[in-house]
Amino acid sequence: MLHNLCGARDCAMPTPNVLSEISAAQRQRLAFIEFRLWFYGQVSRKEVLDRFEVATAAGTRDMILYRDLAPMNLVYDRKVYRYLPTFEPLFAHPVDRVLASLTSGFGAGEPPSTGAPFPHDIPARLNQPDLATLSMVTRAISSRTPLRLTYHSMKTGAVARVIVPHALVDSGLRWHVRAYDRTQGEFRDLVLTRMEQVEPLDAAGHGLSGVLTHEKPGADDQWNQQVVLDLVPHPAHPHPSSIEKDFGMSRGRLLVTLRAATAGYVLRQWQVDCSPEARLKGSEFRLWLANGRQLDGVGSAVLAPGFSMHGSRA
């Protein structure tokens, strides 16, 4: 028989200060309990034990603590806790992480018993970066170390480069490295899969191994510049309300704030018509950029459908 362990509908949710007093490891377990409860409809102590490999007593304490912190979120029913309609999350659950957890598991080393049974299909990327190269780049970002490498450019073929990487960028099609390119004398995006023979510059024994002021992230104007894009249903689409619903628009528009360095990737991936007066044709163009002048001076805008870098939209 179901029974509410709180017994009162006006139980208060805990304040952030209460959660901050809990250890990071226990907060992670509590967040897992909440995730399973919210998105699977139930959670058991065994799932917590299997996922985190903690002792039975610790798993019991976690379940009791979550119940005490959020009594209106769950009800006990035959060895499992079940979701209640009065549920209010204690933790932030970003949508992208939730979807990743539902399709790939809650974390590294996810045991099969706590995995994600939901049927799904994620189209595979045509390319994936080599982990040895990726780790070399990420270590360089962490330690602010320049890298010497061979880069396969689409225009020039294989060429030697010296870069100072500071961020990773997912274009939706492949992973890039945002870096100051000493060879070109400017900040650029370089595709991870086109890199080879990557090594720290000081280990290579060539050139300047320190990072100069103009090579640091703070000097990357396109990375630090924010642009606000005003996206509306494409005027040629016969059912604009469907697009509004699809993209969660408010009053027929969606305002998106992006880094100037990544705006072009997003506009291309979403197939946004960036031409004046929505001139591009085709059912793939469901969105139109209503404030195209925002792309003036944005380097990545060259990737945006219908936009010309010659000061105006083509």
# chains A, B, ... in the order shown; residues from 1 in each chain; ligands from 1
$ select_by_dssp --residues "segment 36-260 of chain A" --states "helix (DSSP H, G or I)" --output "NGL selection string"
:A and (36-40 or 45-52 or 56-69 or 71-73 or 95-104 or 112-114 or 131-143 or 192-194 or 201-204 or 213-215 or 217-219 or 221-224 or 240-246 or 260)
$ write_last_selection --atoms "C-alpha atoms" --output "compact mmCIF listing (two decimals), in the first residue's frame"
# COMPACT_ATOMS: atom_id res chain seq x y z
CA ARG A 36 16.03 8.18 -11.68
CA LEU A 37 12.93 9.26 -9.81
CA TRP A 38 12.11 12.10 -12.20
CA PHE A 39 12.84 10.47 -15.55
CA TYR A 40 12.27 6.78 -14.81
CA ARG A 45 18.37 1.48 -3.11
CA LYS A 46 19.94 -1.29 -5.20
CA GLU A 47 20.32 1.08 -8.16
CA VAL A 48 22.25 3.50 -5.96
CA LEU A 49 24.43 0.69 -4.60
CA ASP A 50 25.16 -0.65 -8.10
CA ARG A 51 25.89 2.75 -9.60
CA PHE A 52 28.24 4.06 -6.91
CA THR A 56 24.34 -0.95 1.93
CA ALA A 57 24.20 1.33 4.97
CA ALA A 58 25.43 4.30 2.93
CA GLY A 59 22.83 3.67 0.23
CA THR A 60 20.12 3.50 2.87
CA ARG A 61 21.26 6.80 4.37
CA ASP A 62 21.19 8.44 0.92
CA MET A 63 17.63 7.33 0.29
CA ILE A 64 16.50 8.51 3.71
CA LEU A 65 18.29 11.83 3.32
CA TYR A 66 16.70 12.49 -0.07
CA ARG A 67 13.31 11.60 1.38
CA ASP A 68 13.89 14.01 4.26
CA LEU A 69 15.06 16.80 1.93
CA PRO A 71 9.38 14.45 1.03
CA MET A 72 6.85 15.62 -1.57
CA ASN A 73 8.87 14.16 -4.44
CA VAL A 95 18.47 19.24 -20.74
CA ASP A 96 21.51 18.20 -22.78
CA ARG A 97 22.93 16.22 -19.86
CA VAL A 98 19.59 14.60 -19.17
CA LEU A 99 19.29 13.43 -22.76
CA ALA A 100 22.87 12.17 -22.71
CA SER A 101 22.19 10.28 -19.48
CA LEU A 102 18.98 8.76 -20.81
CA THR A 103 20.74 7.50 -23.94
CA SER A 104 24.28 6.83 -22.73
CA PRO A 112 24.14 -2.36 -17.01
CA SER A 113 21.53 -2.43 -14.24
CA THR A 114 21.44 1.35 -14.05
CA LEU A 131 42.09 10.35 -28.11
CA ALA A 132 45.87 10.74 -28.03
CA THR A 133 45.57 13.97 -30.03
CA LEU A 134 42.61 15.16 -28.00
CA SER A 135 44.39 14.57 -24.70
CA MET A 136 47.47 16.41 -25.96
CA VAL A 137 45.31 19.40 -26.86
CA THR A 138 43.34 19.43 -23.61
CA ARG A 139 46.51 19.20 -21.53
CA ALA A 140 47.89 22.14 -23.48
CA ILE A 141 44.71 24.13 -22.79
CA SER A 142 44.95 23.32 -19.07
CA SER A 143 48.64 24.21 -18.81
CA LEU A 192 40.96 18.03 -34.44
CA THR A 193 40.94 15.16 -36.93
CA ARG A 194 43.25 17.06 -39.29
CA LEU A 201 56.44 23.33 -28.22
CA ASP A 202 58.99 23.28 -25.40
CA ALA A 203 59.41 19.52 -25.90
CA ALA A 204 59.97 20.13 -29.61
CA THR A 213 49.41 38.45 -24.00
CA HIS A 214 47.98 38.71 -27.51
CA GLU A 215 47.73 34.90 -27.67
CA PRO A 217 41.82 33.93 -24.53
CA GLY A 218 41.21 37.49 -23.38
CA ALA A 219 42.65 38.75 -26.66
CA ASP A 221 37.78 39.21 -29.72
CA GLN A 222 35.56 36.84 -31.72
CA TRP A 223 35.50 34.38 -28.85
CA ASN A 224 34.59 37.02 -26.29
CA PRO A 240 4.69 29.18 -38.84
CA SER A 241 2.91 28.08 -35.64
CA SER A 242 4.43 24.61 -36.03
CA ILE A 243 7.91 26.14 -36.19
CA GLU A 244 7.16 28.31 -33.16
CA LYS A 245 6.23 25.19 -31.23
CA ASP A 246 9.21 23.23 -32.54
CA ALA A 260 30.69 35.42 -32.48
$ residues_around --residues "Leu254 of chain A" --least-positions-apart "6" --cutoff "9 Å" --atoms "only C-alpha atoms" --output "list in words"
Leu229, Asp230, Leu231, Val232, Glu244, Phe247 and Gly248 of chain A
$ write_last_selection --atoms "C-alpha atoms" --output "CSV table (one decimal), in the first residue's frame"
chain,number,residue,atom,x,y,z
A,229,LEU,CA,20.3,36.4,-33.0
A,230,ASP,CA,16.6,37.1,-33.7
A,231,LEU,CA,15.2,33.9,-35.2
A,232,VAL,CA,11.7,33.8,-36.6
A,244,GLU,CA,7.2,28.3,-33.2
A,247,PHE,CA,11.7,25.8,-31.3
A,248,GLY,CA,9.9,27.0,-28.2
$ closest_residue --among "A:Arg174, A:Lys281, A:Arg251, A:His239" --to "Asn127 of chain A" --atoms "only C-alpha atoms"
A:Arg174
$ select_by_dssp --residues "segment 186-263 of chain A" --states "strand (DSSP E)" --output "ChimeraX atom specification"
/A:186-191,195-200,226-233,254-259
$ write_last_selection --atoms "N, CA and C atoms" --output "JSON list (two decimals), in the first residue's frame"
[["chain", "number", "residue", "atom", "x", "y", "z"],
["A", 186, "GLU", "N", 46.78, 34.89, -36.09],
["A", 186, "GLU", "CA", 45.41, 35.23, -35.68],
["A", 186, "GLU", "C", 44.77, 34.03, -35.00],
["A", 187, "PHE", "N", 43.64, 34.29, -34.32],
["A", 187, "PHE", "CA", 42.88, 33.21, -33.71],
["A", 187, "PHE", "C", 42.08, 32.49, -34.79],
["A", 188, "ARG", "N", 42.08, 31.16, -34.70],
["A", 188, "ARG", "CA", 41.39, 30.35, -35.70],
["A", 188, "ARG", "C", 40.79, 29.10, -35.07],
["A", 189, "ASP", "N", 39.92, 28.45, -35.83],
["A", 189, "ASP", "CA", 39.40, 27.14, -35.46],
["A", 189, "ASP", "C", 40.12, 26.09, -36.30],
["A", 190, "LEU", "N", 40.65, 25.07, -35.64],
["A", 190, "LEU", "CA", 41.33, 24.00, -36.35],
["A", 190, "LEU", "C", 40.63, 22.68, -36.03],
["A", 191, "VAL", "N", 40.39, 21.88, -37.05],
["A", 191, "VAL", "CA", 39.68, 20.61, -36.89],
["A", 191, "VAL", "C", 40.61, 19.59, -36.25],
["A", 195, "MET", "N", 44.77, 17.05, -37.40],
["A", 195, "MET", "CA", 46.04, 17.27, -36.72],
["A", 195, "MET", "C", 46.83, 15.97, -36.62],
["A", 196, "GLU", "N", 48.13, 16.08, -36.74],
["A", 196, "GLU", "CA", 49.00, 14.93, -36.50],
["A", 196, "GLU", "C", 50.35, 15.43, -36.02],
["A", 197, "GLN", "N", 51.13, 14.52, -35.45],
["A", 197, "GLN", "CA", 52.46, 14.84, -34.91],
["A", 197, "GLN", "C", 52.37, 16.03, -33.94],
["A", 198, "VAL", "N", 51.41, 15.96, -33.05],
["A", 198, "VAL", "CA", 51.19, 17.04, -32.08],
["A", 198, "VAL", "C", 52.11, 16.84, -30.89],
["A", 199, "GLU", "N", 52.79, 17.90, -30.49],
["A", 199, "GLU", "CA", 53.66, 17.84, -29.32],
["A", 199, "GLU", "C", 53.79, 19.23, -28.72],
["A", 200, "PRO", "N", 54.06, 19.30, -27.40],
["A", 200, "PRO", "CA", 54.28, 20.60, -26.76],
["A", 200, "PRO", "C", 55.48, 21.30, -27.39],
["A", 226, "GLN", "N", 29.75, 38.67, -27.92],
["A", 226, "GLN", "CA", 28.45, 38.01, -27.91],
["A", 226, "GLN", "C", 27.53, 38.65, -28.95],
["A", 227, "VAL", "N", 26.81, 37.83, -29.67],
["A", 227, "VAL", "CA", 25.83, 38.33, -30.63],
["A", 227, "VAL", "C", 24.47, 37.75, -30.28],
["A", 228, "VAL", "N", 23.44, 38.57, -30.41],
["A", 228, "VAL", "CA", 22.07, 38.13, -30.13],
["A", 228, "VAL", "C", 21.35, 37.97, -31.46],
["A", 229, "LEU", "N", 20.96, 36.75, -31.78],
["A", 229, "LEU", "CA", 20.31, 36.45, -33.05],
["A", 229, "LEU", "C", 18.80, 36.36, -32.85],
["A", 230, "ASP", "N", 18.08, 37.06, -33.70],
["A", 230, "ASP", "CA", 16.63, 37.09, -33.65],
["A", 230, "ASP", "C", 16.10, 36.14, -34.73],
["A", 231, "LEU", "N", 15.68, 34.96, -34.31],
["A", 231, "LEU", "CA", 15.22, 33.93, -35.24],
["A", 231, "LEU", "C", 13.70, 33.89, -35.27],
["A", 232, "VAL", "N", 13.15, 33.86, -36.47],
["A", 232, "VAL", "CA", 11.70, 33.81, -36.65],
["A", 232, "VAL", "C", 11.36, 32.73, -37.66],
["A", 233, "PRO", "N", 10.10, 32.27, -37.71],
["A", 233, "PRO", "CA", 9.73, 31.29, -38.73],
["A", 233, "PRO", "C", 9.98, 31.86, -40.12],
["A", 254, "LEU", "N", 12.63, 33.70, -31.47],
["A", 254, "LEU", "CA", 13.55, 33.05, -30.55],
["A", 254, "LEU", "C", 14.84, 33.86, -30.54],
["A", 255, "LEU", "N", 15.18, 34.41, -29.39],
["A", 255, "LEU", "CA", 16.42, 35.18, -29.24],
["A", 255, "LEU", "C", 17.50, 34.25, -28.69],
["A", 256, "VAL", "N", 18.59, 34.13, -29.43],
["A", 256, "VAL", "CA", 19.68, 33.23, -29.06],
["A", 256, "VAL", "C", 20.97, 34.04, -28.95],
["A", 257, "THR", "N", 21.64, 33.92, -27.80],
["A", 257, "THR", "CA", 22.91, 34.61, -27.59],
["A", 257, "THR", "C", 24.05, 33.62, -27.78],
["A", 258, "LEU", "N", 24.97, 33.96, -28.68],
["A", 258, "LEU", "CA", 26.08, 33.07, -29.02],
["A", 258, "LEU", "C", 27.38, 33.84, -29.07],
["A", 259, "ARG", "N", 28.47, 33.12, -28.96],
["A", 259, "ARG", "CA", 29.78, 33.72, -29.22],
["A", 259, "ARG", "C", 29.88, 33.99, -30.72]]
$ atom_distance --atom1 "atom CA of Glu88 of chain A" --atom2 "atom CA of Glu21 of chain A"
20.1 Å
$ closest_residue --among "A:Leu212, A:Leu295, A:Ala160, A:Val169" --to "Gln225 of chain A" --atoms "only C-alpha atoms"
A:Leu295
$ residues_around --residues "Tyr81 of chain A" --least-positions-apart "3" --cutoff "9 Å" --atoms "only C-alpha atoms" --output "list in words"
Leu37, Gly41, Gln42, Val43, Ser44, Arg45, Met63, Leu74, Val75, Tyr76, Asp77 and Arg78 of chain A
$ atom_distance --atom1 "atom CA of Gln269 of chain A" --atom2 "atom CA of Asp296 of chain A"
19.4 Å
